[in-house]
file upload_26.cif (mmCIF, C-alpha atoms)
data_model
#
loop_
_atom_site.label_atom_id
_atom_site.label_comp_id
_atom_site.auth_asym_id
_atom_site.auth_seq_id
_atom_site.Cartn_x
_atom_site.Cartn_y
_atom_site.Cartn_z
CA MET A 1256 13.38 13.43 2.13
CA SER A 1257 15.69 12.10 4.85
CA ASN A 1258 14.62 9.07 6.89
CA LEU A 1259 14.52 11.16 10.08
CA VAL A 1260 12.18 13.77 8.55
CA GLN A 1261 10.01 11.06 7.03
CA ARG A 1262 9.89 9.19 10.33
CA THR A 1263 8.99 12.37 12.22
CA ILE A 1264 6.19 13.39 9.85
CA THR A 1265 4.72 9.88 9.84
CA GLY A 1266 4.96 9.72 13.62
CA ILE A 1267 3.09 13.01 14.08
CA ILE A 1268 0.31 12.02 11.68
CA PHE A 1269 0.05 8.60 13.31
CA LEU A 1270 -0.15 10.17 16.78
CA VAL A 1271 -2.82 12.68 15.78
CA VAL A 1272 -4.99 10.05 14.09
CA VAL A 1273 -4.77 7.47 16.89
CA VAL A 1274 -5.17 9.91 19.79
CA GLY A 1275 -7.89 11.84 17.97
CA ALA A 1276 -9.94 8.76 17.12
CA ILE A 1277 -9.74 7.44 20.68
CA ALA A 1278 -10.56 10.82 22.24
CA ILE A 1279 -13.51 11.79 20.01
CA SER A 1280 -16.03 9.02 20.73
CA LYS A 1281 -16.52 5.32 21.20
CA ILE A 1282 -17.62 5.03 17.57
CA SER A 1283 -14.34 6.45 16.24
CA PHE A 1284 -12.51 4.27 18.79
CA PHE A 1285 -14.32 1.22 17.41
CA VAL A 1286 -13.55 2.09 13.79
CA LEU A 1287 -9.89 2.82 14.58
CA PHE A 1288 -9.31 -0.48 16.36
CA MET A 1289 -11.10 -2.45 13.65
CA LEU A 1290 -8.72 -0.88 11.11
CA ILE A 1291 -5.65 -1.55 13.30
CA ILE A 1292 -6.64 -5.19 13.79
CA THR A 1293 -7.22 -5.59 10.05
CA GLY A 1294 -3.81 -4.12 9.20
CA ALA A 1295 -1.89 -6.01 11.89
CA MET A 1296 -3.48 -9.37 11.08
CA TYR A 1297 -2.98 -8.86 7.34
CA GLU A 1298 0.73 -8.22 7.92
CA PHE A 1299 1.01 -11.20 10.28
CA TYR A 1300 -0.50 -13.58 7.74
CA THR A 1301 1.56 -12.07 4.91
CA LEU A 1302 4.74 -12.74 6.88
CA ALA A 1303 3.67 -16.36 7.34
CA GLU A 1304 3.10 -16.65 3.59
CA LYS A 1305 6.72 -15.67 2.98
CA LYS A 1306 7.63 -19.04 4.50
CA LYS A 1307 5.31 -20.73 1.99
CA PHE A 1308 2.59 -21.35 4.60
CA LYS A 1309 -1.00 -20.56 3.67
CA PRO A 1310 -3.09 -19.31 6.61
CA LEU A 1311 -6.70 -18.42 5.91
CA LYS A 1312 -5.84 -14.74 5.59
CA ILE A 1313 -9.22 -13.17 4.86
CA TYR A 1314 -11.18 -15.59 7.03
CA GLY A 1315 -8.72 -15.16 9.90
CA ILE A 1316 -9.10 -11.37 9.73
CA VAL A 1317 -12.90 -11.73 9.72
CA ILE A 1318 -12.69 -13.89 12.86
CA GLY A 1319 -10.43 -11.34 14.53
CA LEU A 1320 -12.85 -8.52 13.73
CA LEU A 1321 -15.76 -10.61 15.02
CA VAL A 1322 -13.92 -11.22 18.30
CA PHE A 1323 -13.26 -7.51 18.81
CA ALA A 1324 -16.78 -6.51 17.74
CA ALA A 1325 -18.36 -9.13 20.02
CA ASN A 1326 -16.49 -7.71 23.00
CA TYR A 1327 -17.42 -4.14 22.00
CA PHE A 1328 -21.13 -4.93 21.72
CA TYR A 1329 -21.07 -7.00 24.91
CA VAL A 1330 -19.37 -4.37 27.06
CA ASN A 1331 -21.87 -1.78 25.76
CA GLU A 1332 -24.68 -4.18 26.72
CA LEU A 1333 -25.96 -4.35 23.17
CA VAL A 1334 -25.78 -8.16 23.23
CA SER A 1335 -25.64 -10.84 25.92
CA ALA A 1336 -22.66 -13.03 26.79
CA LYS A 1337 -24.16 -15.68 24.51
CA ILE A 1338 -22.59 -13.79 21.60
CA PHE A 1339 -19.30 -15.48 22.44
CA LEU A 1340 -20.85 -18.90 21.86
CA ALA A 1341 -21.21 -17.95 18.19
CA ILE A 1342 -17.42 -17.85 17.91
CA ILE A 1343 -17.16 -21.60 18.65
CA PRO A 1344 -18.51 -22.85 15.28
CA VAL A 1345 -16.48 -20.17 13.52
CA ILE A 1346 -13.28 -21.54 15.07
CA ILE A 1347 -14.27 -25.12 14.23
CA SER A 1348 -14.89 -24.07 10.64
CA VAL A 1349 -11.21 -23.13 10.29
CA PHE A 1350 -10.28 -26.81 10.63
CA ILE A 1351 -13.00 -27.90 8.19
CA ILE A 1352 -12.10 -25.31 5.54
CA GLU A 1353 -8.42 -26.25 5.74
CA LEU A 1354 -9.37 -29.89 5.20
CA TYR A 1355 -10.72 -29.01 1.75
CA ARG A 1356 -7.73 -26.90 0.71
CA LYS A 1357 -5.51 -29.96 0.21
CA SER A 1358 -2.54 -28.08 1.65
CA GLU A 1359 0.86 -29.57 2.42
CA TYR A 1360 0.95 -27.93 5.87
CA VAL A 1361 -2.57 -28.43 7.21
CA PHE A 1362 -1.99 -27.88 10.92
CA VAL A 1363 0.63 -25.19 10.38
CA ASN A 1364 -1.92 -23.22 8.35
CA ILE A 1365 -4.60 -23.78 11.00
CA GLY A 1366 -2.12 -22.79 13.70
CA PHE A 1367 -1.12 -19.54 12.00
CA THR A 1368 -4.76 -18.65 11.26
CA LEU A 1369 -5.83 -19.05 14.90
CA LEU A 1370 -2.60 -17.58 16.26
CA GLY A 1371 -3.33 -14.36 14.39
CA VAL A 1372 -6.63 -14.12 16.28
CA ILE A 1373 -5.12 -14.98 19.68
CA TYR A 1374 -1.98 -12.88 19.25
CA ILE A 1375 -3.62 -9.74 17.85
CA ALA A 1376 -7.43 -9.56 18.06
CA VAL A 1377 -7.84 -10.94 21.58
CA PRO A 1378 -5.35 -8.53 23.26
CA PHE A 1379 -6.86 -5.54 21.43
CA SER A 1380 -10.32 -6.60 22.63
CA PHE A 1381 -9.33 -5.72 26.21
CA ALA A 1382 -9.35 -2.06 25.17
CA ASN A 1383 -13.15 -2.21 25.17
CA TYR A 1384 -13.21 -2.96 28.89
CA ILE A 1385 -10.81 -0.13 29.63
CA VAL A 1386 -12.74 2.65 27.85
CA ILE A 1387 -16.28 1.60 28.85
CA SER A 1388 -17.23 1.89 32.53
CA GLU A 1389 -19.82 -0.15 34.43
CA ASP A 1390 -22.39 2.61 33.90
CA LEU A 1391 -21.68 2.46 30.14
CA GLU A 1392 -19.90 5.81 30.06
CA TYR A 1393 -17.08 6.16 27.52
CA SER A 1394 -13.76 7.57 28.73
CA SER A 1395 -10.53 7.58 26.75
CA HIS A 1396 -8.29 8.69 29.64
CA LEU A 1397 -6.95 5.35 30.86
CA LEU A 1398 -6.32 4.01 27.36
CA LEU A 1399 -4.61 7.22 26.26
CA GLY A 1400 -2.49 7.21 29.42
CA PHE A 1401 -1.48 3.64 28.65
CA LEU A 1402 -0.53 4.53 25.07
CA PHE A 1403 1.41 7.62 26.16
CA LEU A 1404 3.40 5.46 28.59
CA MET A 1405 4.08 2.88 25.91
CA TRP A 1406 5.19 5.46 23.34
CA ALA A 1407 7.28 7.33 25.90
CA PHE A 1408 9.13 4.19 26.90
CA ASP A 1409 9.65 3.08 23.31
CA THR A 1410 10.96 6.49 22.18
CA LEU A 1411 13.20 7.18 25.16
CA ALA A 1412 14.55 3.62 25.29
CA TYR A 1413 15.61 4.14 21.67
CA VAL A 1414 17.25 7.49 22.50
CA PHE A 1415 19.15 6.10 25.50
CA GLY A 1416 20.08 2.97 23.55
CA VAL A 1417 21.53 4.95 20.64
CA SER A 1418 23.36 7.35 22.97
CA PHE A 1419 24.71 5.00 25.65
CA GLY A 1420 23.95 1.41 24.61
CA LYS A 1421 26.87 -0.97 25.07
CA HIS A 1422 25.44 -4.10 26.70
CA ARG A 1423 23.08 -6.05 24.46
CA LEU A 1424 19.71 -6.92 25.97
CA PHE A 1425 18.82 -9.90 23.75
CA GLU A 1426 21.33 -9.94 20.92
CA ARG A 1427 20.17 -13.20 19.37
CA VAL A 1428 16.77 -11.68 18.58
CA SER A 1429 17.36 -7.91 18.49
CA PRO A 1430 21.02 -6.86 18.13
CA LYS A 1431 20.31 -3.15 18.64
CA LYS A 1432 18.45 -3.31 21.96
CA SER A 1433 20.58 -2.61 25.03
CA TRP A 1434 20.27 -2.70 28.80
CA GLU A 1435 21.14 0.98 28.88
CA GLY A 1436 18.24 1.74 26.56
CA PHE A 1437 15.83 -0.38 28.59
CA ILE A 1438 16.84 1.14 31.95
CA GLY A 1439 16.83 4.68 30.57
CA GLY A 1440 13.41 4.10 29.01
CA LEU A 1441 12.06 2.56 32.21
CA PHE A 1442 13.02 5.46 34.48
CA SER A 1443 11.88 7.96 31.86
CA ALA A 1444 8.50 6.21 31.68
CA ILE A 1445 8.16 6.48 35.45
CA GLY A 1446 8.82 10.22 35.11
CA ILE A 1447 6.20 10.46 32.36
CA ALA A 1448 3.82 8.52 34.64
CA TYR A 1449 3.96 11.42 37.10
CA LEU A 1450 2.95 13.89 34.38
CA ILE A 1451 0.16 11.56 33.24
CA SER A 1452 -1.12 11.31 36.83
CA LEU A 1453 -1.56 15.11 36.82
CA ILE A 1454 -3.67 14.97 33.65
CA PHE A 1455 -5.56 11.69 34.02
CA THR A 1456 -6.38 11.72 37.72
CA GLU A 1457 -8.44 8.51 37.64
CA LEU A 1458 -5.30 6.74 38.89
CA SER A 1459 -2.71 7.89 41.42
CA PHE A 1460 0.92 8.45 40.51
CA LEU A 1461 1.81 5.18 42.28
CA ASN A 1462 -0.57 3.21 40.07
CA TRP A 1463 0.62 4.94 36.89
CA ALA A 1464 4.22 4.21 37.99
CA VAL A 1465 3.43 0.52 38.45
CA LEU A 1466 1.79 0.50 35.02
CA SER A 1467 4.88 2.14 33.53
CA VAL A 1468 6.95 -0.79 34.82
CA ILE A 1469 4.46 -3.28 33.34
CA VAL A 1470 4.53 -1.46 30.02
CA SER A 1471 8.34 -1.25 30.00
CA VAL A 1472 9.00 -4.89 30.88
CA PHE A 1473 6.27 -6.67 28.96
CA GLY A 1474 6.27 -4.17 26.10
CA THR A 1475 9.92 -5.08 25.57
CA TYR A 1476 9.02 -8.77 25.55
CA GLY A 1477 6.25 -8.06 23.03
CA ASP A 1478 8.75 -6.26 20.82
CA LEU A 1479 11.25 -9.12 21.13
CA VAL A 1480 8.65 -11.75 20.28
CA GLU A 1481 7.69 -9.93 17.09
CA SER A 1482 11.39 -9.41 16.26
CA ALA A 1483 11.98 -13.16 16.68
CA PHE A 1484 9.09 -13.86 14.32
CA LYS A 1485 10.41 -11.45 11.67
CA ARG A 1486 13.99 -12.72 12.07
CA ASN A 1487 12.79 -16.27 11.48
CA ILE A 1488 11.24 -15.09 8.23
CA ASP A 1489 14.22 -12.86 7.31
CA GLU A 1490 12.18 -9.66 7.27
CA LYS A 1491 13.15 -6.34 8.84
CA ASP A 1492 9.66 -4.81 9.00
CA SER A 1493 6.18 -6.31 9.09
CA GLY A 1494 5.05 -3.88 6.39
CA SER A 1495 5.61 -0.47 4.84
CA ILE A 1496 2.31 1.34 5.39
CA LEU A 1497 3.97 3.73 7.88
CA PRO A 1498 7.04 5.26 6.13
CA GLY A 1499 10.03 5.25 8.43
CA HIS A 1500 8.20 3.12 11.03
CA GLY A 1501 7.45 -0.11 9.20
CA GLY A 1502 4.05 -1.73 9.47
CA VAL A 1503 1.06 -1.70 11.79
CA LEU A 1504 2.34 -4.83 13.52
CA ASP A 1505 5.65 -3.07 14.22
CA ARG A 1506 3.90 -0.10 15.86
CA PHE A 1507 1.67 -2.17 18.13
CA ASP A 1508 3.80 -5.22 18.97
CA ALA A 1509 4.22 -3.99 22.57
CA VAL A 1510 0.44 -3.82 23.01
CA PHE A 1511 -0.18 -7.54 22.62
CA PHE A 1512 1.29 -8.41 26.04
CA THR A 1513 0.81 -5.15 27.91
CA LEU A 1514 -2.84 -4.27 27.22
CA PRO A 1515 -4.27 -7.48 28.80
CA LEU A 1516 -1.93 -7.02 31.78
CA PHE A 1517 -2.97 -3.37 32.05
CA TYR A 1518 -6.62 -4.46 32.26
CA LEU A 1519 -5.71 -7.17 34.80
CA TYR A 1520 -3.95 -4.60 37.00
CA LEU A 1521 -6.96 -2.29 36.83
CA GLN A 1522 -9.15 -5.14 38.06
CA LEU A 1523 -6.78 -5.87 40.95
CA ILE A 1524 -6.80 -2.28 42.21
#

call {"tool": "encode", "arguments": {"input": "upload_26.cif", "output": "structure tokens"}}
result
Amino acid sequence: MSNLVQRTITGIIFLVVVVGAIAISKISFFVLFMLIITGAMYEFYTLAEKKKFKPLKIYGIVIGLLVFAANYFYVNELVSAKIFLAIIPVIISVFIIELYRKSEYVFVNIGFTLLGVIYIAVPFSFANYIVISEDLEYSSHLLLGFLFLMWAFDTLAYVFGVSFGKHRLFERVSPKKSWEGFIGGLFSAIGIAYLISLIFTELSFLNWAVLSVIVSVFGTYGDLVESAFKRNIDEKDSGSILPGHGGVLDRFDAVFFTLPLFYLYLQLI
């Protein structure tokens, strides 16, 4: 099977699963995001281990899942804000556990463990506040619109970059990214924003267009940050669970910066 066919089939299955789980109900949304966080954090910690560091892989993932779950239960008014206080001793315990491991890189291990939570679980937690309204109604429209914008930019930036790319965007970190690809992807995303505004009418075209710029700019930075991390470790992909696409971390690297900013913009308007 050629790489293009493999990439296409994987992409279609991935799209159907993610969109379907988000659209069906808040329970399937919750399960999906718990699985994504688990996969992304596992890959993140595994990459760190390739440099001979030893983050608390399983414990770090548990903390990340607790952070997302706490936000989910809080936004659904199943628990009070006091639930977040329970995270404090859990964070402190990371330092104590590392003390007993007799590791050569104590604070590096602690740093990577907590960074996995901050870099992955915390940004994903903002999705809870996007899909649940103040009257506790679940709606997937805004989150799906955000993902469609992100995927549209990513795909079309790649197409324009391959077809017309001559001027490198950030060659030291990602030699293949070009200004032509970025600009082509940006304007294409704005065009897609118009189509999204016709389907998900909760926001006007102007607001979807602004969000397409946020997704394009900060999604690119998210991609570059993950590329810098992988380059430092001499790895091309974060994993191989998605044939032709790499790992979970590779598929969602743009989300880590853009999803919190998406939520922030929604609060401002």

call {"tool": "residues_around", "arguments": {"input": "upload_26.cif", "residues": "Val1386 in chain A", "least_positions_apart": "2", "cutoff": "8 Å", "atoms": "only C-alpha atoms", "output": "count of residues only"}}
result
10

call {"tool": "residues_around", "arguments": {"input": "upload_26.cif", "residues": "Ser1348 in chain A", "least_positions_apart": "5", "cutoff": "12 Å", "atoms": "all atoms listed in the file", "output": "JSON list (two decimals) with C-alpha atoms, in the coordinates of the input"}}
result
[["chain", "number", "residue", "atom", "x", "y", "z"],
["A", 1311, "LEU", "CA", -6.70, -18.42, 5.91],
["A", 1314, "TYR", "CA", -11.18, -15.59, 7.03],
["A", 1315, "GLY", "CA", -8.72, -15.16, 9.90],
["A", 1318, "ILE", "CA", -12.69, -13.89, 12.86],
["A", 1341, "ALA", "CA", -21.21, -17.95, 18.19],
["A", 1342, "ILE", "CA", -17.42, -17.85, 17.91],
["A", 1343, "ILE", "CA", -17.16, -21.60, 18.65],
["A", 1353, "GLU", "CA", -8.42, -26.25, 5.74],
["A", 1354, "LEU", "CA", -9.37, -29.89, 5.20],
["A", 1355, "TYR", "CA", -10.72, -29.01, 1.75],
["A", 1365, "ILE", "CA", -4.60, -23.78, 11.00],
["A", 1368, "THR", "CA", -4.76, -18.65, 11.26],
["A", 1369, "LEU", "CA", -5.83, -19.05, 14.90]]

call {"tool": "closest_residue", "arguments": {"input": "upload_26.cif", "among": "A:Ala1295, A:Leu1479, A:Ile1447, A:Leu1519", "to": "Pro1430 in chain A", "atoms": "only C-alpha atoms"}}
result
A:Leu1479

call {"tool": "resolve_selection", "arguments": {"input": "upload_26.cif", "expression": "the PyMOL selection byres ((chain A and resi 1381) around 12)", "output": "PyMOL selection string"}}
result
chain A and resi 1288+1322-1327+1329-1330+1375-1380+1382-1387+1398+1510-1519+1521-1522

call {"tool": "axis_aligned_box", "arguments": {"input": "upload_26.cif", "around": "range 1408-1412 of chain A", "padding_each_side": "6 Å", "output": "AutoDock Vina command-line options"}}
result
--center_x 11.8 --center_y 5.1 --center_z 24.5 --size_x 17.4 --size_y 16.1 --size_z 16.7
